[in-house]
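Since the structure comes first, as structure tokens, the remarks are kept for the end.
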Amino acid sequence: MPADPTPELLPQAASWLRRRSWSAADRPVRTLLDAKRAAGRAGTVSVVLPALDEEATVGDIVRTIRRELMDRLPLVDELVVVDSGSADDTAAAAAAAGARVVHRDDILPRLPAAPGKGEVLWRSLLVTSGEIVCFVDADLREFDPAFVSGIVGPLLTEPDIQLVKAMYDRPLETDGAVVPAGGGRVTELVARPLLNLHWPELAGFVQPLGGEYAARRSLLERLPFPTGYGVELGLLVDALETAGLDALAQVDVGVRHHRHQDGQALGRMAATIYRTALERLDRTHRLKASADLVHPLLTQFTRDPETRAFTAHTHPVTALERPPMHTVPEYATRHLPR
């Protein structure tokens, strides 16, 4: 659980951070199984992996989920890989590992599929049946079943929770070098500033763009899905508007290892996320940067090496502007024609 936030964090976000942030270890799997049995139909869990050319990793993820959370412990009822047009053997690897594989274009065929991850997640609701739907990216390495059990947990044990995001360390691993907290560049440069400035209630989310999250079907079926990379930010903002902050939560699941994209791909991702945010600002008439809409603080997170807790650090976001110099009397006196 994140450590106590700094006093500057928006009070509503600070309260949420204390009450709605947990560790996967807070809910042992046996506790989850008891809650699942008690919930009946409402406790059914579908896990969805959106996949595009992930032959190298998708099989290991599927095998781990099937072995640990379906065969050994019956927490997950359904495991589906939705292939969005892979050119490699993603589908075959996923099927061999034990997943049901569905091609994106075979879902709702009357509607031509748009490219993008959000399109796949949206269509997956048509081919899954669980009342709790858990999304997991298919490029993860060293996959831990806590990425599923951890984020499903609050939905099984807390009736008022509607959506749970995973939080984790995200090292940048490239060319043999590892930067412990270097991953999540689009999060730090684009998504976190946007959320802090326009939706400050969401400032407590450690990984707002993370691809590992679970939600109740009853919520997901009421939300629009951006078709591209903006889907995570869009769903988070819309869930806030639809269900309220207290219906959202996050769970610490450790470390996320995955494939990193190059700078140009990150630029395309950033542009899509920015446009997704603008669409929502326009839709809710929040484009004007007035004092009641923009919270001029930025909250960031680091992992304390001793306590292993995430610690919030809040910084002011300055917006001071100087007037055109020709309007400054001292400048006019010295330089402007008389």
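Scheme for the structure tokens: letters A, B, ... for chains in order shown; per-chain residue numbers from 1; ligand numbers from 1 in order shown.
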Looking only at alpha helix (DSSP H) from DSSP on the backbone, list the matching residues of stretch 23-184 of chain A as an mmCIF file with N, CA, C and O atoms, in the first residue's frame.
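Output below, filename result_8.cif:
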data_model
loop_
_atom_site.group_PDB
_atom_site.id
_atom_site.type_symbol
_atom_site.label_atom_id
_atom_site.label_comp_id
_atom_site.auth_asym_id
_atom_site.auth_seq_id
_atom_site.Cartn_x
_atom_site.Cartn_y
_atom_site.Cartn_z
ATOM 1 N N VAL A 29 -5.259 -16.101 -1.693
ATOM 2 C CA VAL A 29 -6.118 -16.709 -2.706
ATOM 3 C C VAL A 29 -7.229 -17.537 -2.079
ATOM 4 O O VAL A 29 -8.362 -17.558 -2.580
ATOM 5 N N ARG A 30 -6.956 -18.210 -0.971
ATOM 6 C CA ARG A 30 -8.009 -18.999 -0.313
ATOM 7 C C ARG A 30 -9.168 -18.108 0.148
ATOM 8 O O ARG A 30 -10.337 -18.495 0.074
ATOM 9 N N THR A 31 -8.833 -16.896 0.601
ATOM 10 C CA THR A 31 -9.875 -15.944 0.980
ATOM 11 C C THR A 31 -10.706 -15.567 -0.241
ATOM 12 O O THR A 31 -11.941 -15.439 -0.158
ATOM 13 N N LEU A 32 -10.036 -15.403 -1.376
ATOM 14 C CA LEU A 32 -10.745 -15.054 -2.602
ATOM 15 C C LEU A 32 -11.668 -16.186 -3.044
ATOM 16 O O LEU A 32 -12.782 -15.935 -3.524
ATOM 17 N N LEU A 33 -11.220 -17.426 -2.880
ATOM 18 C CA LEU A 33 -12.060 -18.557 -3.268
ATOM 19 C C LEU A 33 -13.324 -18.622 -2.425
ATOM 20 O O LEU A 33 -14.414 -18.907 -2.938
ATOM 21 N N ASP A 34 -13.189 -18.348 -1.135
ATOM 22 C CA ASP A 34 -14.374 -18.325 -0.273
ATOM 23 C C ASP A 34 -15.333 -17.232 -0.713
ATOM 24 O O ASP A 34 -16.558 -17.441 -0.768
ATOM 25 N N ALA A 35 -14.786 -16.051 -1.031
ATOM 26 C CA ALA A 35 -15.631 -14.943 -1.479
ATOM 27 C C ALA A 35 -16.266 -15.260 -2.825
ATOM 28 O O ALA A 35 -17.430 -14.907 -3.074
ATOM 29 N N LYS A 36 -15.522 -15.923 -3.681
ATOM 30 C CA LYS A 36 -16.052 -16.284 -5.002
ATOM 31 C C LYS A 36 -17.226 -17.254 -4.873
ATOM 32 O O LYS A 36 -18.262 -17.077 -5.524
ATOM 33 N N ARG A 37 -17.078 -18.253 -4.030
ATOM 34 C CA ARG A 37 -18.159 -19.210 -3.831
ATOM 35 C C ARG A 37 -19.401 -18.519 -3.255
ATOM 36 O O ARG A 37 -20.536 -18.803 -3.659
ATOM 37 N N ALA A 38 -19.183 -17.616 -2.315
ATOM 38 C CA ALA A 38 -20.303 -16.916 -1.700
ATOM 39 C C ALA A 38 -21.024 -16.003 -2.694
ATOM 40 O O ALA A 38 -22.234 -15.795 -2.600
ATOM 41 N N ALA A 39 -20.269 -15.468 -3.666
ATOM 42 C CA ALA A 39 -20.852 -14.525 -4.628
ATOM 43 C C ALA A 39 -21.681 -15.216 -5.695
ATOM 44 O O ALA A 39 -22.511 -14.578 -6.352
ATOM 45 N N GLU A 55 3.733 -14.064 -29.926
ATOM 46 C CA GLU A 55 4.059 -15.484 -29.857
ATOM 47 C C GLU A 55 5.080 -15.797 -28.765
ATOM 48 O O GLU A 55 5.006 -16.831 -28.101
ATOM 49 N N ALA A 56 6.032 -14.896 -28.538
ATOM 50 C CA ALA A 56 7.126 -15.169 -27.610
ATOM 51 C C ALA A 56 6.677 -15.218 -26.150
ATOM 52 O O ALA A 56 7.339 -15.852 -25.324
ATOM 53 N N THR A 57 5.588 -14.553 -25.821
ATOM 54 C CA THR A 57 5.212 -14.428 -24.405
ATOM 55 C C THR A 57 3.830 -14.944 -24.065
ATOM 56 O O THR A 57 3.580 -15.327 -22.917
ATOM 57 N N VAL A 58 2.911 -14.965 -25.009
ATOM 58 C CA VAL A 58 1.516 -15.260 -24.672
ATOM 59 C C VAL A 58 1.350 -16.662 -24.100
ATOM 60 O O VAL A 58 0.542 -16.891 -23.182
ATOM 61 N N GLY A 59 2.121 -17.634 -24.599
ATOM 62 C CA GLY A 59 1.978 -19.003 -24.112
ATOM 63 C C GLY A 59 2.316 -19.144 -22.642
ATOM 64 O O GLY A 59 1.605 -19.828 -21.888
ATOM 65 N N ASP A 60 3.395 -18.506 -22.191
ATOM 66 C CA ASP A 60 3.785 -18.590 -20.784
ATOM 67 C C ASP A 60 2.729 -17.968 -19.876
ATOM 68 O O ASP A 60 2.448 -18.483 -18.785
ATOM 69 N N ILE A 61 2.151 -16.854 -20.311
ATOM 70 C CA ILE A 61 1.107 -16.210 -19.500
ATOM 71 C C ILE A 61 -0.106 -17.125 -19.377
ATOM 72 O O ILE A 61 -0.645 -17.336 -18.279
ATOM 73 N N VAL A 62 -0.535 -17.670 -20.502
ATOM 74 C CA VAL A 62 -1.703 -18.556 -20.497
ATOM 75 C C VAL A 62 -1.444 -19.781 -19.629
ATOM 76 O O VAL A 62 -2.291 -20.179 -18.808
ATOM 77 N N ARG A 63 -0.274 -20.398 -19.770
ATOM 78 C CA ARG A 63 0.030 -21.589 -18.974
ATOM 79 C C ARG A 63 0.019 -21.290 -17.477
ATOM 80 O O ARG A 63 -0.483 -22.088 -16.669
ATOM 81 N N THR A 64 0.566 -20.137 -17.098
ATOM 82 C CA THR A 64 0.600 -19.781 -15.679
ATOM 83 C C THR A 64 -0.797 -19.578 -15.125
ATOM 84 O O THR A 64 -1.135 -20.067 -14.036
ATOM 85 N N ILE A 65 -1.633 -18.856 -15.854
ATOM 86 C CA ILE A 65 -3.006 -18.621 -15.389
ATOM 87 C C ILE A 65 -3.776 -19.930 -15.298
ATOM 88 O O ILE A 65 -4.468 -20.202 -14.311
ATOM 89 N N ARG A 66 -3.635 -20.768 -16.326
ATOM 90 C CA ARG A 66 -4.375 -22.039 -16.317
ATOM 91 C C ARG A 66 -3.896 -22.941 -15.185
ATOM 92 O O ARG A 66 -4.719 -23.528 -14.464
ATOM 93 N N THR A 90 1.024 -16.415 -32.741
ATOM 94 C CA THR A 90 0.394 -16.061 -31.469
ATOM 95 C C THR A 90 -0.805 -16.952 -31.169
ATOM 96 O O THR A 90 -0.941 -17.500 -30.070
ATOM 97 N N ALA A 91 -1.697 -17.102 -32.129
ATOM 98 C CA ALA A 91 -2.923 -17.874 -31.902
ATOM 99 C C ALA A 91 -2.602 -19.324 -31.571
ATOM 100 O O ALA A 91 -3.182 -19.903 -30.643
ATOM 101 N N ALA A 92 -1.689 -19.921 -32.307
ATOM 102 C CA ALA A 92 -1.338 -21.320 -32.068
ATOM 103 C C ALA A 92 -0.686 -21.497 -30.704
ATOM 104 O O ALA A 92 -0.979 -22.451 -29.975
ATOM 105 N N ALA A 93 0.191 -20.559 -30.326
ATOM 106 C CA ALA A 93 0.867 -20.655 -29.030
ATOM 107 C C ALA A 93 -0.129 -20.520 -27.892
ATOM 108 O O ALA A 93 -0.053 -21.243 -26.887
ATOM 109 N N ALA A 94 -1.084 -19.620 -28.034
ATOM 110 C CA ALA A 94 -2.084 -19.422 -26.990
ATOM 111 C C ALA A 94 -3.000 -20.636 -26.857
ATOM 112 O O ALA A 94 -3.318 -21.078 -25.754
ATOM 113 N N ALA A 95 -3.423 -21.190 -27.994
ATOM 114 C CA ALA A 95 -4.293 -22.357 -27.959
ATOM 115 C C ALA A 95 -3.574 -23.565 -27.366
ATOM 116 O O ALA A 95 -4.147 -24.308 -26.557
ATOM 117 N N ALA A 96 -2.311 -23.762 -27.752
ATOM 118 C CA ALA A 96 -1.547 -24.888 -27.228
ATOM 119 C C ALA A 96 -1.351 -24.792 -25.721
ATOM 120 O O ALA A 96 -1.260 -25.807 -25.026
ATOM 121 N N ALA A 97 -1.292 -23.576 -25.213
ATOM 122 C CA ALA A 97 -1.099 -23.371 -23.774
ATOM 123 C C ALA A 97 -2.394 -23.511 -22.980
ATOM 124 O O ALA A 97 -2.359 -23.557 -21.749
ATOM 125 N N LYS A 117 -5.881 -1.549 -29.752
ATOM 126 C CA LYS A 117 -6.113 -2.391 -28.583
ATOM 127 C C LYS A 117 -7.520 -2.225 -28.020
ATOM 128 O O LYS A 117 -8.186 -3.189 -27.640
ATOM 129 N N GLY A 118 -8.005 -0.985 -27.962
ATOM 130 C CA GLY A 118 -9.322 -0.744 -27.386
ATOM 131 C C GLY A 118 -10.425 -1.450 -28.145
ATOM 132 O O GLY A 118 -11.406 -1.913 -27.545
ATOM 133 N N GLU A 119 -10.270 -1.558 -29.459
ATOM 134 C CA GLU A 119 -11.245 -2.279 -30.269
ATOM 135 C C GLU A 119 -11.341 -3.739 -29.827
ATOM 136 O O GLU A 119 -12.433 -4.309 -29.707
ATOM 137 N N VAL A 120 -10.186 -4.348 -29.554
ATOM 138 C CA VAL A 120 -10.148 -5.748 -29.135
ATOM 139 C C VAL A 120 -10.794 -5.917 -27.762
ATOM 140 O O VAL A 120 -11.575 -6.856 -27.539
ATOM 141 N N LEU A 121 -10.486 -5.018 -26.835
ATOM 142 C CA LEU A 121 -11.080 -5.115 -25.501
ATOM 143 C C LEU A 121 -12.592 -4.960 -25.565
ATOM 144 O O LEU A 121 -13.333 -5.674 -24.882
ATOM 145 N N TRP A 122 -13.049 -4.043 -26.364
ATOM 146 C CA TRP A 122 -14.492 -3.809 -26.505
ATOM 147 C C TRP A 122 -15.190 -5.050 -27.050
ATOM 148 O O TRP A 122 -16.186 -5.521 -26.506
ATOM 149 N N ARG A 123 -14.634 -5.616 -28.121
ATOM 150 C CA ARG A 123 -15.244 -6.799 -28.734
ATOM 151 C C ARG A 123 -15.186 -8.011 -27.810
ATOM 152 O O ARG A 123 -16.032 -8.903 -27.890
ATOM 153 N N SER A 124 -14.184 -8.041 -26.926
ATOM 154 C CA SER A 124 -14.056 -9.201 -26.041
ATOM 155 C C SER A 124 -15.269 -9.359 -25.124
ATOM 156 O O SER A 124 -15.554 -10.471 -24.662
ATOM 157 N N ALA A 146 -0.350 -13.208 -9.495
ATOM 158 C CA ALA A 146 -0.909 -12.104 -8.700
ATOM 159 C C ALA A 146 -1.394 -10.962 -9.580
ATOM 160 O O ALA A 146 -2.205 -10.148 -9.141
ATOM 161 N N PHE A 147 -0.903 -10.899 -10.833
ATOM 162 C CA PHE A 147 -1.407 -9.877 -11.747
ATOM 163 C C PHE A 147 -2.897 -10.074 -12.015
ATOM 164 O O PHE A 147 -3.589 -9.124 -12.381
ATOM 165 N N VAL A 148 -3.371 -11.288 -11.850
ATOM 166 C CA VAL A 148 -4.802 -11.575 -11.974
ATOM 167 C C VAL A 148 -5.472 -11.622 -10.607
ATOM 168 O O VAL A 148 -6.418 -10.877 -10.343
ATOM 169 N N SER A 149 -4.993 -12.493 -9.731
ATOM 170 C CA SER A 149 -5.650 -12.661 -8.431
ATOM 171 C C SER A 149 -5.648 -11.366 -7.624
ATOM 172 O O SER A 149 -6.614 -11.063 -6.915
ATOM 173 N N GLY A 150 -4.569 -10.577 -7.736
ATOM 174 C CA GLY A 150 -4.476 -9.335 -6.977
ATOM 175 C C GLY A 150 -5.545 -8.333 -7.347
ATOM 176 O O GLY A 150 -6.164 -7.716 -6.472
ATOM 177 N N ILE A 151 -5.790 -8.160 -8.650
ATOM 178 C CA ILE A 151 -6.740 -7.128 -9.060
ATOM 179 C C ILE A 151 -8.176 -7.631 -9.072
ATOM 180 O O ILE A 151 -9.122 -6.837 -8.999
ATOM 181 N N VAL A 152 -8.356 -8.946 -9.145
ATOM 182 C CA VAL A 152 -9.699 -9.499 -9.037
ATOM 183 C C VAL A 152 -10.168 -9.468 -7.579
ATOM 184 O O VAL A 152 -11.364 -9.324 -7.295
ATOM 185 N N GLY A 153 -9.202 -9.571 -6.662
ATOM 186 C CA GLY A 153 -9.524 -9.694 -5.243
ATOM 187 C C GLY A 153 -10.515 -8.686 -4.695
ATOM 188 O O GLY A 153 -11.545 -9.078 -4.109
ATOM 189 N N PRO A 154 -10.278 -7.382 -4.836
ATOM 190 C CA PRO A 154 -11.230 -6.415 -4.282
ATOM 191 C C PRO A 154 -12.631 -6.519 -4.871
ATOM 192 O O PRO A 154 -13.618 -6.205 -4.210
ATOM 193 N N LEU A 155 -12.722 -6.966 -6.126
ATOM 194 C CA LEU A 155 -14.041 -7.112 -6.749
ATOM 195 C C LEU A 155 -14.820 -8.282 -6.147
ATOM 196 O O LEU A 155 -16.054 -8.289 -6.182
ATOM 197 N N LEU A 156 -14.102 -9.253 -5.588
ATOM 198 C CA LEU A 156 -14.758 -10.383 -4.941
ATOM 199 C C LEU A 156 -15.108 -10.099 -3.483
ATOM 200 O O LEU A 156 -16.091 -10.626 -2.968
ATOM 201 N N THR A 157 -14.298 -9.273 -2.834
ATOM 202 C CA THR A 157 -14.477 -9.078 -1.391
ATOM 203 C C THR A 157 -15.121 -7.746 -1.025
ATOM 204 O O THR A 157 -15.571 -7.579 0.116
#
> Counting only C-alpha atoms, what is within 9 Å of A:Ile107, bar same-chain residues fewer than 2 positions away, as a ChimeraX atom specification?
Replying inline: /A:102-105,109-111,113,123-124,126-127
>> Residues near A:Ala249, anyone? I mean within 9 Å using only C-alpha atoms, not counting same-chain ones fewer than 4 positions away, as a PyMOL selection string.
In response: chain A and resi 16-17+19-22+151+154+161-166+205+245
> Counting only C-alpha atoms, which of A:Val186, A:Ala239, A:Ala312, A:Val81 gets nearest to A:Gln264?
Replying inline: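 Smallest distance to A:Gln264 is found for A:Val186.
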Closest pair table for stretch 128-247 of chain A residues within 9 Å of stretch 274-282 of chain A, only C-alpha atoms, as a Markdown table:
| residue | atom | partner | partner_atom | distance |
| --- | --- | --- | --- | --- |
| A:Val190 | CA | A:Tyr274 | CA | 7.2 |
| A:Ala191 | CA | A:Tyr274 | CA | 7.6 |
| A:Leu194 | CA | A:Ala277 | CA | 7.5 |
| A:Leu195 | CA | A:Ala277 | CA | 8.6 |
| A:His198 | CA | A:Leu281 | CA | 8.1 |
| A:Pro226 | CA | A:Thr276 | CA | 7.3 |
| A:Tyr229 | CA | A:Thr276 | CA | 8.9 |
| A:Gly230 | CA | A:Thr276 | CA | 5.6 |
| A:Val231 | CA | A:Thr276 | CA | 8.0 |
| A:Leu233 | CA | A:Ala277 | CA | 7.5 |
| A:Gly234 | CA | A:Thr276 | CA | 6.4 |
| A:Val237 | CA | A:Arg280 | CA | 8.1 |
| A:Asp238 | CA | A:Arg280 | CA | 8.3 |
Would you mind exporting the chosen residues as a PDB file, in the first residue's frame, restricted to N, CA, C and O atoms?
ATOM      1  N   VAL A 190       2.817  12.316 -20.288  1.00  0.00           N
ATOM      2  CA  VAL A 190       1.529  12.721 -20.872  1.00  0.00           C
ATOM      3  C   VAL A 190       0.358  12.433 -19.933  1.00  0.00           C
ATOM      4  O   VAL A 190      -0.365  13.336 -19.520  1.00  0.00           O
ATOM      5  N   ALA A 191       0.152  11.167 -19.586  1.00  0.00           N
ATOM      6  CA  ALA A 191      -1.069  10.792 -18.870  1.00  0.00           C
ATOM      7  C   ALA A 191      -1.126  11.375 -17.472  1.00  0.00           C
ATOM      8  O   ALA A 191      -2.163  11.915 -17.057  1.00  0.00           O
ATOM      9  N   LEU A 194      -1.919  15.109 -17.487  1.00  0.00           N
ATOM     10  CA  LEU A 194      -3.303  15.349 -17.881  1.00  0.00           C
ATOM     11  C   LEU A 194      -4.275  15.035 -16.746  1.00  0.00           C
ATOM     12  O   LEU A 194      -5.187  15.810 -16.451  1.00  0.00           O
ATOM     13  N   LEU A 195      -4.080  13.892 -16.106  1.00  0.00           N
ATOM     14  CA  LEU A 195      -4.987  13.503 -15.023  1.00  0.00           C
ATOM     15  C   LEU A 195      -4.868  14.444 -13.842  1.00  0.00           C
ATOM     16  O   LEU A 195      -5.882  14.845 -13.245  1.00  0.00           O
ATOM     17  N   HIS A 198      -6.521  17.923 -14.868  1.00  0.00           N
ATOM     18  CA  HIS A 198      -7.934  17.992 -15.240  1.00  0.00           C
ATOM     19  C   HIS A 198      -8.835  17.050 -14.443  1.00  0.00           C
ATOM     20  O   HIS A 198     -10.033  17.307 -14.313  1.00  0.00           O
ATOM     21  N   PRO A 226     -12.465   3.816 -26.307  1.00  0.00           N
ATOM     22  CA  PRO A 226     -11.604   4.304 -27.383  1.00  0.00           C
ATOM     23  C   PRO A 226     -10.936   3.106 -28.062  1.00  0.00           C
ATOM     24  O   PRO A 226     -10.509   2.160 -27.385  1.00  0.00           O
ATOM     25  N   TYR A 229      -4.816   3.366 -28.314  1.00  0.00           N
ATOM     26  CA  TYR A 229      -4.037   3.381 -27.082  1.00  0.00           C
ATOM     27  C   TYR A 229      -4.674   4.235 -25.985  1.00  0.00           C
ATOM     28  O   TYR A 229      -4.264   4.161 -24.832  1.00  0.00           O
ATOM     29  N   GLY A 230      -5.663   5.033 -26.340  1.00  0.00           N
ATOM     30  CA  GLY A 230      -6.306   5.857 -25.330  1.00  0.00           C
ATOM     31  C   GLY A 230      -7.303   5.111 -24.472  1.00  0.00           C
ATOM     32  O   GLY A 230      -7.926   5.707 -23.591  1.00  0.00           O
ATOM     33  N   VAL A 231      -7.436   3.793 -24.680  1.00  0.00           N
ATOM     34  CA  VAL A 231      -8.497   3.058 -23.997  1.00  0.00           C
ATOM     35  C   VAL A 231      -8.327   3.067 -22.481  1.00  0.00           C
ATOM     36  O   VAL A 231      -9.312   3.220 -21.742  1.00  0.00           O
ATOM     37  N   LEU A 233      -6.791   5.324 -20.444  1.00  0.00           N
ATOM     38  CA  LEU A 233      -7.140   6.619 -19.866  1.00  0.00           C
ATOM     39  C   LEU A 233      -8.635   6.884 -20.003  1.00  0.00           C
ATOM     40  O   LEU A 233      -9.285   7.359 -19.064  1.00  0.00           O
ATOM     41  N   GLY A 234      -9.193   6.545 -21.156  1.00  0.00           N
ATOM     42  CA  GLY A 234     -10.613   6.783 -21.374  1.00  0.00           C
ATOM     43  C   GLY A 234     -11.486   6.018 -20.401  1.00  0.00           C
ATOM     44  O   GLY A 234     -12.432   6.566 -19.830  1.00  0.00           O
ATOM     45  N   VAL A 237     -11.158   7.566 -16.769  1.00  0.00           N
ATOM     46  CA  VAL A 237     -11.888   8.828 -16.627  1.00  0.00           C
ATOM     47  C   VAL A 237     -13.396   8.593 -16.656  1.00  0.00           C
ATOM     48  O   VAL A 237     -14.154   9.148 -15.848  1.00  0.00           O
ATOM     49  N   ASP A 238     -13.835   7.755 -17.584  1.00  0.00           N
ATOM     50  CA  ASP A 238     -15.276   7.505 -17.701  1.00  0.00           C
ATOM     51  C   ASP A 238     -15.808   6.722 -16.508  1.00  0.00           C
ATOM     52  O   ASP A 238     -16.957   6.915 -16.086  1.00  0.00           O
TER      53      ASP A 238
END
>> Can you measure atom CA of A:Tyr213 to atom CA of A:Asp88 for me? One decimal in Å is fine.
In response: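 Interatomic distance, atom CA of A:Tyr213 to atom CA of A:Asp88: 26.2 Å.
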>> Give me the residues near A:Arg256 as a PyMOL selection string, where near means some atom within 8 Å (using only C-alpha atoms) and where sequence neighbours in that chain fewer than 6 positions away do not count.
In response: chain A and resi 140-141+143+168-171
Would you mind exporting N, CA, C and O atoms of the selected residues as an mmCIF file, in the first residue's frame?
data_model
loop_
_atom_site.group_PDB
_atom_site.id
_atom_site.type_symbol
_atom_site.label_atom_id
_atom_site.label_comp_id
_atom_site.auth_asym_id
_atom_site.auth_seq_id
_atom_site.Cartn_x
_atom_site.Cartn_y
_atom_site.Cartn_z
ATOM 1 N N LEU A 140 3.789 -9.587 -21.393
ATOM 2 C CA LEU A 140 4.466 -9.637 -20.099
ATOM 3 C C LEU A 140 5.427 -10.816 -20.038
ATOM 4 O O LEU A 140 5.138 -11.907 -20.529
ATOM 5 N N ARG A 141 6.557 -10.591 -19.379
ATOM 6 C CA ARG A 141 7.535 -11.644 -19.107
ATOM 7 C C ARG A 141 7.609 -11.878 -17.599
ATOM 8 O O ARG A 141 7.241 -11.012 -16.822
ATOM 9 N N PHE A 143 5.769 -13.681 -15.754
ATOM 10 C CA PHE A 143 4.402 -13.390 -15.333
ATOM 11 C C PHE A 143 4.076 -14.016 -13.985
ATOM 12 O O PHE A 143 4.334 -15.201 -13.749
ATOM 13 N N TYR A 168 2.586 -1.257 -9.941
ATOM 14 C CA TYR A 168 3.811 -2.050 -9.929
ATOM 15 C C TYR A 168 4.999 -1.170 -10.282
ATOM 16 O O TYR A 168 4.846 -0.032 -10.745
ATOM 17 N N ASP A 169 6.196 -1.705 -10.044
ATOM 18 C CA ASP A 169 7.399 -1.103 -10.591
ATOM 19 C C ASP A 169 7.468 -1.462 -12.067
ATOM 20 O O ASP A 169 7.082 -2.568 -12.474
ATOM 21 N N ARG A 170 8.013 -0.535 -12.861
ATOM 22 C CA ARG A 170 8.072 -0.765 -14.305
ATOM 23 C C ARG A 170 9.471 -0.413 -14.803
ATOM 24 O O ARG A 170 9.715 0.688 -15.303
ATOM 25 N N PRO A 171 10.440 -1.327 -14.653
ATOM 26 C CA PRO A 171 11.808 -1.026 -15.091
ATOM 27 C C PRO A 171 11.900 -0.920 -16.607
ATOM 28 O O PRO A 171 11.139 -1.562 -17.344
#
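For the pair atom CA of A:Asp144 and atom CA of A:Ala25, the separation is 12.7 Å.
In this model, the gap between atom CA of A:Thr311 and atom CA of A:Ala13 comes to 13.8 Å.
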>> Going by DSSP on the backbone, which residues of stretch 70-225 of chain A come out as strand (DSSP E)? List them as a PyMOL selection string.
In response: chain A and resi 78-83+100-103+132-135+140-141+163-169+172-174+177-179+213-216
>> So, with only C-alpha atoms as the atoms that count, which of A:Leu75, A:Leu223, A:Leu266, A:Val251 lies closest to A:Ser23?
In response: A:Val251
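Taking only C-alpha atoms into account, A:Leu219 lies nearest to A:Glu131 out of the set A:Gly267, A:Ala14, A:Gln207, A:Glu131.
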